[in-house]
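Trainee: Pasting run34.cif here (mmCIF, C-alpha atoms and all ligand atoms):
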```cif
data_run
loop_
_atom_site.group_PDB
_atom_site.id
_atom_site.type_symbol
_atom_site.label_atom_id
_atom_site.label_comp_id
_atom_site.auth_asym_id
_atom_site.auth_seq_id
_atom_site.Cartn_x
_atom_site.Cartn_y
_atom_site.Cartn_z
ATOM 1 C CA VAL A 1 -28.449 3.775 19.334
ATOM 2 C CA ALA A 2 -24.668 3.706 19.685
ATOM 3 C CA GLY A 3 -24.964 0.127 20.928
ATOM 4 C CA ALA A 4 -26.378 -1.203 17.693
ATOM 5 C CA ASP A 5 -23.788 0.657 15.623
ATOM 6 C CA GLU A 6 -20.964 -0.458 17.825
ATOM 7 C CA GLU A 7 -22.093 -4.031 17.372
ATOM 8 C CA ILE A 8 -21.233 -4.031 13.697
ATOM 9 C CA THR A 9 -18.348 -1.549 13.647
ATOM 10 C CA SER A 10 -16.192 -3.052 16.375
ATOM 11 C CA PHE A 11 -14.174 -6.233 16.296
ATOM 12 C CA SER A 12 -11.860 -8.253 18.523
ATOM 13 C CA ARG A 13 -8.289 -7.106 18.157
ATOM 14 C CA GLU A 14 -6.823 -9.950 20.158
ATOM 15 C CA MET A 15 -7.735 -12.586 17.570
ATOM 16 C CA PRO A 16 -5.374 -13.533 14.776
ATOM 17 C CA TRP A 17 -6.800 -12.075 11.561
ATOM 18 C CA GLN A 18 -6.426 -13.522 8.138
ATOM 19 C CA VAL A 19 -6.774 -11.344 5.068
ATOM 20 C CA LEU A 20 -9.081 -13.187 2.669
ATOM 21 C CA GLY A 21 -9.003 -10.793 -0.227
ATOM 22 C CA GLN A 22 -9.952 -7.466 -1.723
ATOM 23 C CA TRP A 23 -13.364 -6.650 -3.134
ATOM 24 C CA ARG A 24 -13.936 -4.038 -5.849
ATOM 25 C CA ASN A 25 -10.358 -2.833 -5.331
ATOM 26 C CA SER A 26 -11.724 -0.878 -2.367
ATOM 27 C CA PHE A 27 -12.578 -3.167 0.521
ATOM 28 C CA ILE A 28 -10.419 -5.688 2.357
ATOM 29 C CA ILE A 29 -12.173 -8.801 3.634
ATOM 30 C CA ALA A 30 -10.619 -10.404 6.693
ATOM 31 C CA GLY A 31 -11.643 -13.173 9.035
ATOM 32 C CA SER A 32 -10.874 -14.446 12.518
ATOM 33 C CA ALA A 33 -12.221 -17.626 14.082
ATOM 34 C CA GLU A 34 -15.334 -15.725 15.224
ATOM 35 C CA GLU A 35 -15.844 -12.804 12.905
ATOM 36 C CA LEU A 36 -15.778 -11.705 9.322
ATOM 37 C CA ILE A 37 -14.972 -8.040 8.689
ATOM 38 C CA ILE A 38 -15.096 -5.709 5.736
ATOM 39 C CA ILE A 39 -12.514 -2.928 5.954
ATOM 40 C CA ASP A 40 -12.764 0.338 4.030
ATOM 41 C CA GLN A 41 -9.170 0.554 2.794
ATOM 42 C CA HIS A 42 -9.093 4.351 2.468
ATOM 43 C CA VAL A 43 -10.340 5.179 5.958
ATOM 44 C CA ALA A 44 -8.291 2.348 7.483
ATOM 45 C CA HIS A 45 -5.121 3.825 6.009
ATOM 46 C CA GLU A 46 -6.295 7.297 7.055
ATOM 47 C CA ARG A 47 -6.540 6.146 10.683
ATOM 48 C CA VAL A 48 -3.042 4.624 10.532
ATOM 49 C CA LEU A 49 -1.418 7.738 9.034
ATOM 50 C CA TYR A 50 -3.382 10.089 11.306
ATOM 51 C CA GLU A 51 -2.081 8.451 14.470
ATOM 52 C CA GLU A 52 1.426 8.041 13.079
ATOM 53 C CA TYR A 53 1.653 11.739 12.238
ATOM 54 C CA LEU A 54 0.063 12.889 15.533
ATOM 55 C CA ASN A 55 2.564 10.738 17.434
ATOM 56 C CA GLN A 56 5.412 12.312 15.494
ATOM 57 C CA LEU A 57 4.037 15.781 16.261
ATOM 58 C CA ALA A 58 3.673 14.945 19.947
ATOM 59 C CA ALA A 59 7.250 13.670 20.038
ATOM 60 C CA GLY A 60 8.373 16.865 18.298
ATOM 61 C CA ASP A 61 10.070 14.877 15.619
ATOM 62 C CA VAL A 62 8.313 14.829 12.260
ATOM 63 C CA PRO A 63 10.518 13.310 9.555
ATOM 64 C CA ARG A 64 10.641 15.537 6.481
ATOM 65 C CA GLN A 65 10.985 14.812 2.848
ATOM 66 C CA LYS A 66 12.830 17.488 0.919
ATOM 67 C CA LEU A 67 11.275 18.097 -2.479
ATOM 68 C CA LEU A 68 13.706 17.608 -5.340
ATOM 69 C CA VAL A 69 12.130 20.609 -6.977
ATOM 70 C CA PRO A 70 10.593 23.147 -4.574
ATOM 71 C CA ILE A 71 7.010 23.931 -5.535
ATOM 72 C CA ASN A 72 5.621 27.406 -5.896
ATOM 73 C CA VAL A 73 2.039 27.459 -4.596
ATOM 74 C CA GLU A 74 -0.320 30.332 -5.279
ATOM 75 C CA LEU A 75 -2.640 31.110 -2.412
ATOM 76 C CA THR A 76 -5.713 33.281 -2.059
ATOM 77 C CA PRO A 77 -5.373 36.341 0.201
ATOM 78 C CA ALA A 78 -7.458 34.505 2.807
ATOM 79 C CA GLN A 79 -5.149 31.501 2.684
ATOM 80 C CA MET A 80 -2.063 33.744 2.955
ATOM 81 C CA LEU A 81 -3.566 35.410 6.022
ATOM 82 C CA LEU A 82 -4.428 32.072 7.573
ATOM 83 C CA LEU A 83 -0.930 30.733 7.009
ATOM 84 C CA GLU A 84 0.544 33.808 8.731
ATOM 85 C CA LYS A 85 -1.912 33.455 11.587
ATOM 86 C CA ILE A 86 -1.092 29.828 12.280
ATOM 87 C CA GLU A 87 2.615 30.062 11.574
ATOM 88 C CA GLY A 88 3.657 29.508 15.184
ATOM 89 C CA ARG A 89 1.307 26.585 15.565
ATOM 90 C CA PHE A 90 2.288 25.207 12.196
ATOM 91 C CA GLU A 91 5.983 25.048 13.116
ATOM 92 C CA ASP A 92 7.702 21.691 13.421
ATOM 93 C CA ASN A 93 4.942 19.997 11.478
ATOM 94 C CA GLY A 94 7.253 18.645 8.813
ATOM 95 C CA PHE A 95 6.625 21.314 6.204
ATOM 96 C CA GLU A 96 9.212 23.775 5.047
ATOM 97 C CA ILE A 97 7.377 26.756 3.585
ATOM 98 C CA GLU A 98 8.768 30.150 2.700
ATOM 99 C CA PRO A 99 6.927 33.243 1.539
ATOM 100 C CA PHE A 100 7.432 34.075 -2.103
ATOM 101 C CA GLY A 101 5.883 37.372 -3.022
ATOM 102 C CA PRO A 102 2.552 38.632 -1.728
ATOM 103 C CA ARG A 103 0.443 35.797 -3.094
ATOM 104 C CA SER A 104 2.509 32.691 -3.077
ATOM 105 C CA VAL A 105 4.769 30.473 -1.028
ATOM 106 C CA VAL A 106 7.470 27.982 -1.875
ATOM 107 C CA VAL A 107 7.115 24.524 -0.400
ATOM 108 C CA LYS A 108 10.565 22.992 0.074
ATOM 109 C CA ALA A 109 9.735 19.986 2.222
ATOM 110 C CA VAL A 110 6.675 18.014 3.300
ATOM 111 C CA PRO A 111 6.127 15.510 6.116
ATOM 112 C CA ALA A 112 7.590 12.157 5.085
ATOM 113 C CA VAL A 113 4.294 10.326 5.705
ATOM 114 C CA ALA A 114 2.793 12.391 2.878
ATOM 115 C CA SER A 115 5.823 12.395 0.612
ATOM 116 C CA ARG A 116 3.856 10.965 -2.316
ATOM 117 C CA CYS A 117 1.194 13.670 -2.263
ATOM 118 C CA GLU A 118 1.144 16.680 -4.535
ATOM 119 C CA ALA A 119 2.511 19.369 -2.224
ATOM 120 C CA ASP A 120 0.062 22.057 -3.346
ATOM 121 C CA GLN A 121 -3.003 19.825 -2.941
ATOM 122 C CA LEU A 122 -1.734 18.776 0.468
ATOM 123 C CA LEU A 123 -1.346 22.375 1.603
ATOM 124 C CA PHE A 124 -4.790 23.367 0.251
ATOM 125 C CA GLU A 125 -6.447 20.458 2.011
ATOM 126 C CA ILE A 126 -4.860 21.322 5.358
ATOM 127 C CA LEU A 127 -5.567 25.056 5.079
ATOM 128 C CA GLU A 128 -9.179 24.314 4.204
ATOM 129 C CA ARG A 129 -9.595 22.205 7.313
ATOM 130 C CA ILE A 130 -7.963 24.799 9.552
ATOM 131 C CA GLU A 131 -10.055 27.549 7.946
ATOM 132 C CA ASN A 132 -13.174 25.840 9.236
ATOM 133 C CA ALA A 133 -11.865 25.656 12.788
ATOM 134 C CA PRO A 134 -13.255 27.897 15.524
ATOM 135 C CA ASP A 135 -11.286 31.131 16.007
ATOM 136 C CA ASP A 136 -9.798 30.168 19.338
ATOM 137 C CA TYR A 137 -8.170 27.023 18.019
ATOM 138 C CA SER A 138 -5.247 25.665 20.003
ATOM 139 C CA VAL A 139 -1.973 24.173 18.855
ATOM 140 C CA GLU A 140 -3.530 20.746 19.401
ATOM 141 C CA GLU A 141 -6.495 21.633 17.220
ATOM 142 C CA VAL A 142 -4.196 22.797 14.421
ATOM 143 C CA HIS A 143 -2.237 19.573 14.804
ATOM 144 C CA ARG A 144 -5.359 17.418 14.691
ATOM 145 C CA ARG A 145 -6.697 19.192 11.621
ATOM 146 C CA THR A 146 -3.330 19.086 9.906
ATOM 147 C CA ALA A 147 -3.127 15.365 10.652
ATOM 148 C CA ALA A 148 -6.644 14.755 9.329
ATOM 149 C CA GLY A 149 -6.025 16.651 6.093
ATOM 150 C CA LEU A 150 -2.671 15.065 5.569
ATOM 151 C CA SER A 151 -3.831 11.522 6.242
ATOM 152 C CA CYS A 152 -6.816 11.885 3.921
ATOM 153 C CA ARG A 153 -4.537 13.071 1.097
ATOM 154 C CA ALA A 154 -1.874 10.455 1.679
ATOM 155 C CA ALA A 155 -4.107 7.419 2.298
ATOM 156 C CA VAL A 156 -4.594 4.806 -0.383
ATOM 157 C CA LYS A 157 -7.659 5.632 -2.476
ATOM 158 C CA MET A 158 -10.687 3.537 -3.279
ATOM 159 C CA ASN A 159 -10.371 1.598 -6.559
ATOM 160 C CA THR A 160 -6.732 0.799 -5.908
ATOM 161 C CA PRO A 161 -5.656 -2.817 -6.295
ATOM 162 C CA LEU A 162 -3.522 -3.972 -3.341
ATOM 163 C CA THR A 163 -1.276 -7.011 -3.100
ATOM 164 C CA GLN A 164 -1.859 -9.572 -0.370
ATOM 165 C CA ALA A 165 1.291 -8.356 1.405
ATOM 166 C CA LYS A 166 0.127 -4.733 1.325
ATOM 167 C CA MET A 167 -3.292 -5.655 2.690
ATOM 168 C CA GLU A 168 -1.754 -7.681 5.496
ATOM 169 C CA HIS A 169 0.564 -4.808 6.347
ATOM 170 C CA LEU A 170 -2.344 -2.355 6.414
ATOM 171 C CA VAL A 171 -4.499 -4.611 8.610
ATOM 172 C CA ASN A 172 -1.628 -5.142 11.057
ATOM 173 C CA MET A 173 -0.972 -1.411 11.255
ATOM 174 C CA LEU A 174 -4.684 -0.757 11.759
ATOM 175 C CA LEU A 175 -4.837 -3.280 14.606
ATOM 176 C CA ALA A 176 -1.945 -1.457 16.280
ATOM 177 C CA THR A 177 -3.723 1.933 16.302
ATOM 178 C CA GLU A 178 -5.470 3.408 19.334
ATOM 179 C CA GLU A 179 -8.845 3.537 17.634
ATOM 180 C CA PRO A 180 -9.006 1.100 14.756
ATOM 181 C CA THR A 181 -12.777 1.250 14.368
ATOM 182 C CA THR A 182 -13.297 4.894 13.374
ATOM 183 C CA CYS A 183 -11.596 7.222 10.910
ATOM 184 C CA PRO A 184 -10.384 10.687 12.040
ATOM 185 C CA HIS A 185 -13.786 12.134 11.050
ATOM 186 C CA GLY A 186 -15.719 9.535 13.000
ATOM 187 C CA ARG A 187 -16.744 7.357 10.080
ATOM 188 C CA PRO A 188 -16.618 3.598 10.634
ATOM 189 C CA VAL A 189 -13.555 1.746 9.366
ATOM 190 C CA VAL A 190 -14.968 -1.776 9.552
ATOM 191 C CA LEU A 191 -18.264 -3.622 9.309
ATOM 192 C CA LYS A 192 -18.501 -6.937 11.066
ATOM 193 C CA LEU A 193 -20.481 -10.128 10.707
ATOM 194 C CA GLY A 194 -20.180 -12.526 13.651
ATOM 195 C CA ILE A 195 -20.401 -16.282 13.404
ATOM 196 C CA ARG A 196 -23.580 -16.223 15.561
ATOM 197 C CA GLU A 197 -25.384 -13.902 13.156
ATOM 198 C CA LEU A 198 -24.248 -15.970 10.204
ATOM 199 C CA GLU A 199 -25.437 -19.179 11.792
ATOM 200 C CA LYS A 200 -28.754 -17.555 12.692
ATOM 201 C CA SER A 201 -29.194 -16.278 9.163
ATOM 202 C CA PHE A 202 -28.551 -19.748 7.769
ATOM 203 C CA LYS A 203 -31.007 -21.158 10.327
ATOM 204 C CA ARG A 204 -28.308 -23.336 11.828
ATOM 205 C CA ILE A 205 -29.153 -22.208 15.361
HETATM 206 ZN ZN ZN B 301 -10.327 10.661 3.280
#
```
Now, as a test, write the supplied structure out as structure tokens.
Mentor:
Amino acid sequence: VAGADEEITSFSREMPWQVLGQWRNSFIIAGSAEELIIIDQHVAHERVLYEEYLNQLAAGDVPRQKLLVPINVELTPAQMLLLEKIEGRFEDNGFEIEPFGPRSVVVKAVPAVASRCEADQLLFEILERIENAPDDYSVEEVHRRTAAGLSCRAAVKMNTPLTQAKMEHLVNMLLATEEPTTCPHGRPVVLKLGIRELEKSFKRI
């Protein structure tokens, strides 16, 4: 079963790829000498940011972006409890969060990779993902879930027009990731059509 899926969701990274265009402001079409691929721009960017942030965490050096205006975020009691519980594991992750009364926190800085996100939405997204983790979660698990939530928030959305230069940059960054074919949640990033299949379909071979 995996074989058939892999066939259309994997592609050769060694080949030079040419970005041919964007379709529906959501998908990037690219071609090599042998293959044509359709890239989901949101999940592709998610994969890039996910690995970038995890690498920063692993290196213990996550660049921060100070907020010009610190943001007061109201949390539910469950979220407050969760934040306390994971505090140690949440350290050094690029956020600067201070308690502010019994039901809210002040966010003073966010990881630079997510500097364009709304800080409150970013925090909610990450807490939600950690909330669903098993109770015995490790530091690594908190890191992975933080990275997944953060990259989903910060990644370019569907229905976003991209310039040729931006698409080329994204494709090059995707090709440089460890796992360019799946997003952090295991969804495929690309669909592929090989020259053989095309020729067969056109009854050329
Ligand atoms: Zn996403």
Trainee: List every residue of chain A that has an atom at most 7 Å from any atom of ligand ZN 301 (chain B), and for each one report the closest atom pair and its distance in Å to one decimal, counting all atoms listed in the file, with rows sorted by chain and then by increasing residue number, as a tab-separated table.
Mentor:
```
residue	atom	partner	partner_atom	distance
A:His42	CA	B:ZN301	ZN	6.5
A:Val43	CA	B:ZN301	ZN	6.1
A:Glu46	CA	B:ZN301	ZN	6.5
A:Cys152	CA	B:ZN301	ZN	3.8
A:Arg153	CA	B:ZN301	ZN	6.6
```
Trainee: Using the selection just defined, write its residues with C-alpha atoms as a PDB file, keeping the file's coordinate frame.
Mentor:
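Final output, part32.pdb:
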```pdb
ATOM      1  CA  HIS A  42      -9.093   4.351   2.468  1.00  0.00           C
ATOM      2  CA  VAL A  43     -10.340   5.179   5.958  1.00  0.00           C
ATOM      3  CA  GLU A  46      -6.295   7.297   7.055  1.00  0.00           C
ATOM      4  CA  CYS A 152      -6.816  11.885   3.921  1.00  0.00           C
ATOM      5  CA  ARG A 153      -4.537  13.071   1.097  1.00  0.00           C
TER       6      ARG A 153
END
```
Trainee: Which residues come within 12 Å of Asn93 (chain A), counting all atoms listed in the file, excluding same-chain residues fewer than 2 positions away, as a PyMOL selection string?
Mentor: chain A and resi 53-65+86-91+95-97+109-114+123+126+139-140+142-147+150
Trainee: For Glu179 (chain A), which residue out of A:Leu83, A:Met167, A:Ala119, A:Val48 is the nearest one, using all atoms listed in the file?
Mentor: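 Between A:Leu83, A:Met167, A:Ala119, A:Val48, the residue approaching Glu179 (chain A) most closely is A:Val48.
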Trainee: Between CA of Ser12 (chain A) and CA of Val190 (chain A), measure the distance and give it in Å to one decimal.
Mentor: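 Separation between CA of Ser12 (chain A) and CA of Val190 (chain A): 11.5 Å.
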Trainee: Around the point (-19.9, -13.3, 11.6), in the coordinates given by the file, pick out the residues reaching within 10 Å, counting all atoms listed in the file, and return them as a PyMOL selection string.
Mentor: chain A and resi 8+31-37+192-200
Trainee: So that I can see what lies close to region 14-23 of chain A, please list as number ranges by chain the residues with an atom at most 10 Å from it, counting all atoms listed in the file and leaving out residues fewer than 2 positions away in the same chain.
Mentor: A: 11-12, 25-39, 41, 159-165, 167-169, 171-172, 175
Trainee: What gap, in Å, lies between CA of Val69 (chain A) and CA of Lys108 (chain A)?
Mentor: 7.6 Å
Trainee: CA of Met173 (chain A) to CA of Glu118 (chain A): how many Å, to one decimal?
Mentor: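 We find that CA of Met173 (chain A) and CA of Glu118 (chain A) lie 24.1 Å from each other.
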Trainee: Could you write out as a VMD selection string the residues that the PyMOL selection byres (((chain A and resi 104-106) around 9) and not hetatm) matches in the shown file?
Mentor: chain A and resid 70 to 76 80 96 to 103 107 to 108
Trainee: Select, from A:Thr181, A:Gln121, A:Ser115, A:Gln79, the residue with the minimum atom-to-atom distance to Glu7 (chain A), counting only C-alpha atoms.
Mentor: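 Smallest distance to Glu7 (chain A) is found for A:Thr181.
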Trainee: Translate the PyMOL selection byres (((chain A and resi 182) around 10) and not hetatm) into a concrete residue list for this structure, as a PyMOL selection string.
Mentor: chain A and resi 9-10+43-44+46-47+178-181+183-190
